[in-house]
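Shown next: target36.csv, containing CSV, C-alpha atoms.
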chain,number,residue,atom,x,y,z
A,27,MET,CA,58.6,66.4,239.8
A,28,SER,CA,55.4,67.7,241.4
A,29,THR,CA,52.1,67.0,239.7
A,30,PRO,CA,50.0,70.1,238.8
A,31,THR,CA,46.8,70.4,240.9
A,32,ARG,CA,43.5,72.1,240.2
A,33,PHE,CA,41.9,74.6,242.6
A,34,VAL,CA,38.2,75.1,242.1
A,35,ALA,CA,36.0,77.4,244.3
A,36,THR,CA,33.5,80.2,244.3
A,37,GLN,CA,34.4,83.4,246.0
A,38,SER,CA,32.0,86.2,246.9
A,39,VAL,CA,32.6,89.8,247.8
A,40,LEU,CA,29.9,91.6,249.7
A,41,THR,CA,30.0,95.3,250.3
A,42,LEU,CA,27.8,96.0,253.3
A,43,ASP,CA,26.6,99.1,255.2
A,44,THR,CA,28.0,99.3,258.7
A,45,ARG,CA,24.9,101.3,259.7
A,46,HIS,CA,22.5,98.5,259.0
A,47,PRO,CA,21.3,96.7,262.2
A,48,ASP,CA,22.2,93.2,260.8
A,49,VAL,CA,25.7,94.3,259.9
A,50,ILE,CA,26.2,96.0,263.3
A,51,ARG,CA,25.2,92.8,265.1
A,52,ALA,CA,27.6,90.8,262.9
A,53,MET,CA,30.5,93.2,263.6
A,54,ASN,CA,30.0,93.0,267.3
A,55,ASP,CA,29.4,89.2,267.7
A,56,VAL,CA,31.4,86.5,265.9
A,57,HIS,CA,28.4,84.1,266.1
A,58,ASP,CA,26.1,86.7,264.3
A,59,MET,CA,28.8,87.1,261.6
A,60,HIS,CA,29.0,83.3,261.2
A,61,ARG,CA,25.2,83.1,260.8
A,62,LEU,CA,25.4,85.9,258.2
A,63,VAL,CA,28.0,84.0,256.2
A,64,MET,CA,26.2,80.7,256.4
A,65,SER,CA,22.9,82.3,255.4
A,66,GLY,CA,24.2,82.4,251.8
A,67,HIS,CA,24.9,78.7,251.8
A,68,ARG,CA,21.6,77.2,253.0
A,69,GLY,CA,20.1,74.0,251.6
A,70,TRP,CA,23.3,72.1,250.7
A,71,VAL,CA,23.7,70.4,254.0
A,72,PRO,CA,20.9,69.3,256.3
A,73,ASP,CA,20.1,71.8,259.1
A,74,GLY,CA,21.8,71.2,262.4
A,75,GLU,CA,24.9,69.3,261.1
A,76,ALA,CA,27.9,70.4,263.2
A,77,ASP,CA,30.3,70.2,260.3
A,78,ALA,CA,28.2,72.1,257.7
A,79,ARG,CA,30.9,74.7,257.2
A,80,ALA,CA,33.6,72.1,256.6
A,81,GLN,CA,31.4,70.1,254.2
A,82,MET,CA,30.9,73.1,252.0
A,83,GLY,CA,34.4,74.4,252.4
A,84,VAL,CA,33.1,77.8,253.6
A,85,LEU,CA,35.9,80.2,254.5
A,86,SER,CA,35.4,83.9,255.2
A,87,ALA,CA,37.1,87.1,256.2
A,88,TRP,CA,36.0,90.7,256.6
A,89,THR,CA,37.4,94.2,257.1
A,90,VAL,CA,35.8,97.5,258.0
A,91,ASN,CA,36.3,101.0,256.7
A,92,LEU,CA,34.7,103.4,259.2
A,93,ARG,CA,35.4,106.4,257.1
A,94,THR,CA,33.2,105.0,254.2
A,95,GLN,CA,30.8,103.1,256.6
A,96,THR,CA,31.7,99.9,254.6
A,97,LEU,CA,32.2,96.3,255.7
A,98,THR,CA,33.8,94.2,253.0
A,99,LEU,CA,33.0,90.5,253.5
A,100,ILE,CA,34.8,87.9,251.4
A,101,THR,CA,33.7,84.3,251.3
A,102,GLN,CA,34.8,81.1,249.6
A,103,ALA,CA,33.1,77.8,249.2
A,104,ARG,CA,32.9,74.6,247.1
A,105,ILE,CA,29.3,75.5,246.1
A,106,THR,CA,27.7,78.7,244.7
A,107,PRO,CA,26.0,80.8,247.4
A,108,ASP,CA,22.7,82.6,247.2
A,109,TRP,CA,22.9,85.9,249.1
A,110,THR,CA,19.2,86.8,248.9
A,111,PRO,CA,18.7,86.0,252.6
A,112,VAL,CA,20.8,89.0,253.5
A,113,ALA,CA,18.6,92.1,253.7
A,114,ARG,CA,18.7,94.1,250.5
A,115,ALA,CA,19.1,97.3,252.5
A,116,ALA,CA,22.3,95.9,254.0
A,117,HIS,CA,24.1,95.9,250.6
A,118,LEU,CA,25.8,99.0,249.3
A,119,GLU,CA,26.6,97.1,246.1
A,120,PRO,CA,25.3,93.9,244.6
A,121,PRO,CA,27.2,90.8,245.6
A,122,HIS,CA,30.1,90.0,243.3
A,123,LEU,CA,30.7,86.3,242.7
A,124,ILE,CA,33.9,84.9,241.2
A,125,SER,CA,34.2,81.4,239.8
A,126,ILE,CA,37.8,80.0,240.2
A,127,ASP,CA,39.2,77.1,238.3
A,128,GLN,CA,43.0,77.2,238.0
A,129,THR,CA,45.8,74.8,237.6
A,130,ILE,CA,48.6,75.2,240.2
A,131,LYS,CA,52.1,74.1,239.3
A,132,ALA,CA,55.4,74.1,241.2
A,133,GLY,CA,57.2,77.4,240.6
A,134,ASP,CA,54.1,79.4,240.2
A,135,THR,CA,54.2,82.7,242.0
A,136,TYR,CA,51.2,84.5,243.6
A,137,THR,CA,50.6,87.7,245.4
A,138,PHE,CA,48.7,86.6,248.5
A,139,ARG,CA,46.6,88.0,251.3
A,140,ALA,CA,45.9,85.7,254.3
A,141,PHE,CA,43.7,86.2,257.4
A,142,ILE,CA,45.1,84.2,260.3
A,143,ASN,CA,44.5,83.4,264.0
A,144,PRO,CA,48.1,83.3,265.2
A,145,ILE,CA,48.0,81.2,268.3
A,146,ARG,CA,50.7,79.0,269.8
A,147,SER,CA,51.0,76.4,272.5
A,148,ALA,CA,53.1,77.2,275.6
A,149,MET,CA,54.0,74.2,277.8
A,150,PRO,CA,54.5,74.6,281.6
A,151,THR,CA,58.0,75.7,282.6
A,152,ALA,CA,58.4,72.6,284.7
A,153,GLY,CA,57.9,70.5,281.6
A,154,PRO,CA,54.9,68.8,280.2
A,155,LYS,CA,53.4,65.7,281.8
A,156,LYS,CA,52.4,62.7,279.7
A,157,GLY,CA,49.3,63.6,277.7
A,158,GLN,CA,49.3,67.2,278.8
A,159,ARG,CA,48.5,69.9,276.2
A,160,GLY,CA,50.1,73.3,276.1
A,161,ARG,CA,48.1,76.4,276.9
A,162,ARG,CA,47.1,78.4,273.8
A,163,ILE,CA,48.5,81.9,273.7
A,164,ALA,CA,47.5,84.4,271.1
A,165,SER,CA,50.2,86.4,269.3
A,166,THR,CA,49.1,90.0,269.6
A,167,SER,CA,52.0,91.8,267.8
A,168,PRO,CA,52.7,91.9,264.0
A,169,HIS,CA,56.1,90.4,264.6
A,170,HIS,CA,54.8,87.3,266.3
A,171,ALA,CA,52.0,87.0,263.8
A,172,ALA,CA,54.5,87.1,261.0
A,173,GLU,CA,56.6,84.5,262.8
A,174,TRP,CA,53.6,82.2,263.1
A,175,PHE,CA,53.0,82.5,259.3
A,176,THR,CA,56.6,82.0,258.3
A,177,GLN,CA,56.8,78.8,260.4
A,178,ARG,CA,54.2,77.4,258.0
A,179,LEU,CA,56.1,78.2,254.8
A,180,GLN,CA,57.4,75.1,252.9
A,181,PRO,CA,60.8,75.5,251.3
A,182,GLN,CA,61.5,73.4,248.2
A,183,GLY,CA,62.1,69.7,249.1
A,184,GLU,CA,60.6,70.0,252.6
A,185,PRO,CA,57.7,67.8,253.7
A,186,PRO,CA,54.2,69.2,254.3
A,187,ILE,CA,54.5,68.6,258.0
A,188,GLY,CA,57.2,70.6,259.8
A,189,PRO,CA,58.7,70.6,263.3
A,190,SER,CA,56.2,70.3,266.1
A,191,SER,CA,53.7,68.8,263.6
A,192,ILE,CA,53.0,72.2,262.0
A,193,LYS,CA,51.0,71.9,258.8
A,194,ARG,CA,52.9,73.7,256.0
A,195,ILE,CA,51.1,75.6,253.2
A,196,GLY,CA,52.9,74.1,250.1
A,197,ALA,CA,54.6,77.4,249.2
A,198,ASP,CA,57.6,79.5,250.2
A,199,ALA,CA,58.3,83.2,250.6
A,200,ASP,CA,61.0,85.7,251.6
A,201,PRO,CA,60.0,86.6,255.2
A,202,ALA,CA,61.7,90.0,254.7
A,203,HIS,CA,59.0,90.9,252.1
A,204,ILE,CA,56.0,89.8,254.2
A,205,SER,CA,53.9,92.5,255.8
A,206,THR,CA,51.6,91.9,258.7
A,207,THR,CA,48.8,94.0,260.2
A,208,MET,CA,46.8,93.2,263.3
A,209,LEU,CA,43.1,93.4,262.9
A,210,PRO,CA,40.4,94.0,265.6
A,211,PRO,CA,39.8,90.8,267.5
A,212,LEU,CA,36.5,88.9,267.0
A,213,VAL,CA,34.4,88.7,270.2
A,214,SER,CA,31.0,87.6,271.3
A,215,THR,CA,28.4,89.5,273.3
A,216,ALA,CA,26.7,86.2,274.2
A,217,LYS,CA,29.7,84.0,275.1
A,218,LYS,CA,31.8,86.1,277.6
A,219,GLY,CA,35.5,85.7,277.3
A,220,LEU,CA,35.5,84.5,273.6
A,221,LYS,CA,38.2,86.4,271.7
A,222,VAL,CA,39.7,85.5,268.4
A,223,VAL,CA,42.9,87.4,267.6
A,224,ARG,CA,43.3,88.2,263.9
A,225,ALA,CA,46.1,89.3,261.6
A,226,GLU,CA,46.3,90.0,257.9
A,227,VAL,CA,49.5,88.9,256.1
A,228,ARG,CA,50.5,90.0,252.6
A,229,GLY,CA,53.4,89.2,250.3
A,230,GLN,CA,54.4,86.9,247.5
A,231,LEU,CA,54.4,83.1,247.5
A,232,THR,CA,56.2,80.6,245.3
A,233,VAL,CA,54.5,77.2,245.0
A,234,THR,CA,56.7,74.3,246.1
A,235,ASP,CA,54.1,71.5,246.6
A,236,PRO,CA,51.0,72.0,244.4
A,237,ALA,CA,48.8,69.5,246.2
A,238,THR,CA,49.5,70.9,249.6
A,239,PHE,CA,49.1,74.5,248.3
A,240,ALA,CA,45.7,73.6,246.7
A,241,HIS,CA,44.6,72.0,250.0
A,242,THR,CA,45.6,75.2,251.9
A,243,LEU,CA,43.6,77.4,249.5
A,244,THR,CA,40.6,75.0,249.8
A,245,GLU,CA,40.6,74.2,253.5
A,246,GLY,CA,42.2,77.4,254.9
A,247,ILE,CA,45.1,77.8,257.4
A,248,GLY,CA,45.2,77.5,261.2
A,249,LYS,CA,42.4,77.5,263.8
A,250,ALA,CA,39.1,79.3,264.2
A,251,ARG,CA,38.1,78.9,260.6
A,252,SER,CA,34.4,79.0,261.5
A,253,TYR,CA,35.0,82.5,262.9
A,254,GLY,CA,36.2,84.3,259.9
A,255,VAL,CA,40.0,83.5,259.7
A,256,GLY,CA,42.0,81.0,257.8
A,257,LEU,CA,41.2,82.3,254.3
A,258,VAL,CA,44.2,82.7,251.9
A,259,LEU,CA,43.5,84.7,248.8
A,260,VAL,CA,46.0,84.6,245.9
A,261,ARG,CA,46.4,86.4,242.5
A,262,LYS,CA,49.0,85.8,239.8
What do you get writing this file as structure tokens?
Amino acid sequence: MSTPTRFVATQSVLTLDTRHPDVIRAMNDVHDMHRLVMSGHRGWVPDGEADARAQMGVLSAWTVNLRTQTLTLITQARITPDWTPVARAAHLEPPHLISIDQTIKAGDTYTFRAFINPIRSAMPTAGPKKGQRGRRIASTSPHHAAEWFTQRLQPQGEPPIGPSSIKRIGADADPAHISTTMLPPLVSTAKKGLKVVRAEVRGQLTVTDPATFAHTLTEGIGKARSYGVGLVLVRK
């Protein structure tokens, strides 16, 4: 029988004005968005450390509503952020902080929302050579993004590492009831050619492996987690 596991984190919801210069820069350059996110988590890790985000467990995701000129930024971390470094004029509403401390048990069901970077490795048609890595290909359709996510589901009794060394998420779902939406890709004005494909996946999950599921919620899922993907939000 699986042992219940605690998930502890602080989540923030920032409602920002897309007309503010700082927000405009963040929307148009993934590195500026990263700096904006990390500005709320200063002082916990010495400046300049390469793995500062990972040490604090910082994950983030954002969406834009151009009709209302609103950017909604969601962050999660092991520590409590301070958002005063973000210009007051950039906020449409005060930051909303949520303290999470919940016990996760096998069989628990959650409504979820995940932000993913659905990439896969494609090996040369002639067959890979020893030590050769596959070329990374981004999945740019909702169908392929949904397929990427469902490959990481973990049915009851299955191990946390699946075929092709895919890390599973500790929960299962009915693929027929998962919806996927492609989001605008993340790019950089400074680093030409950088493009992070994003998709938002929604549905319902049933926990099969509490420890692995808590790890997924804490550490995120997939690649490019420094760039605003990988965050999995859940609600009972």
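Near Arg251 of chain A, within 10 Å and counting all atoms listed in the file, sit Arg79, Ala80, Val84, Leu85, Ser86, Ala87, Phe141, Ile142, Asn143, Glu245, Gly246, Ile247, Val255, Gly256 and Leu257 of chain A, not including residues fewer than 4 positions from it in the same chain.
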Contact residues around segment 193-208 of chain A with only C-alpha atoms at 8 Å, ignoring same-chain residues under 2 positions, as JSON, numbers by chain: {"A": [166, 167, 168, 169, 171, 172, 176, 177, 178, 179, 180, 181, 182, 185, 186, 187, 188, 191, 210, 224, 225, 226, 227, 228, 229, 230, 231, 232, 233, 234, 235, 236, 237, 238, 239, 240, 242, 247]}
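If only C-alpha atoms are the atoms counted, then among A:Ala76, A:Leu62, A:Leu123, A:Val90 the closest residue to Pro111 of chain A is A:Leu62.
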Using only C-alpha atoms, find each residue of segment 116-218 of chain A with at least one atom at most 8 Å away from an atom of segment 44-55 of chain A; report its shortest atom-to-atom pair and that distance in Å (one decimal), sort the rows by chain and rising residue number, and return the result as a Markdown table.
| residue | atom | partner | partner_atom | distance |
| --- | --- | --- | --- | --- |
| A:Ala116 | CA | A:His46 | CA | 5.6 |
| A:Leu212 | CA | A:Asp55 | CA | 7.1 |
| A:Val213 | CA | A:Asp55 | CA | 5.6 |
| A:Ser214 | CA | A:Asp55 | CA | 4.3 |
| A:Thr215 | CA | A:Asp55 | CA | 5.7 |
| A:Ala216 | CA | A:Asp55 | CA | 7.7 |
All residues 12 Å or closer to Thr110 of chain A, all atoms listed in the file, same chain fewer than 2 positions away omitted, as a list in words: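 Once the adjacent positions are removed, what remains is Leu40, Leu62, Val63, Met64, Ser65, Gly66, His67, Arg68, Pro107, Asp108, Val112, Ala113, Arg114, Ala115, Ala116, His117, Pro120 and Pro121 of chain A.
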Atom CA of Val34 of chain A to atom CA of Leu97 of chain A, distance in Å rounded to a single decimal: 25.9 Å
Nearest to Asp43 of chain A by atom-to-atom distance, counting all atoms listed in the file, from A:Arg93, A:Arg61, A:Arg146, A:His241: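 Checking each candidate against Asp43 of chain A, we get A:Arg93 as the closest.
Distance-wise, atom CA of Gln95 of chain A and atom CA of Glu119 of chain A end up 12.8 Å apart.
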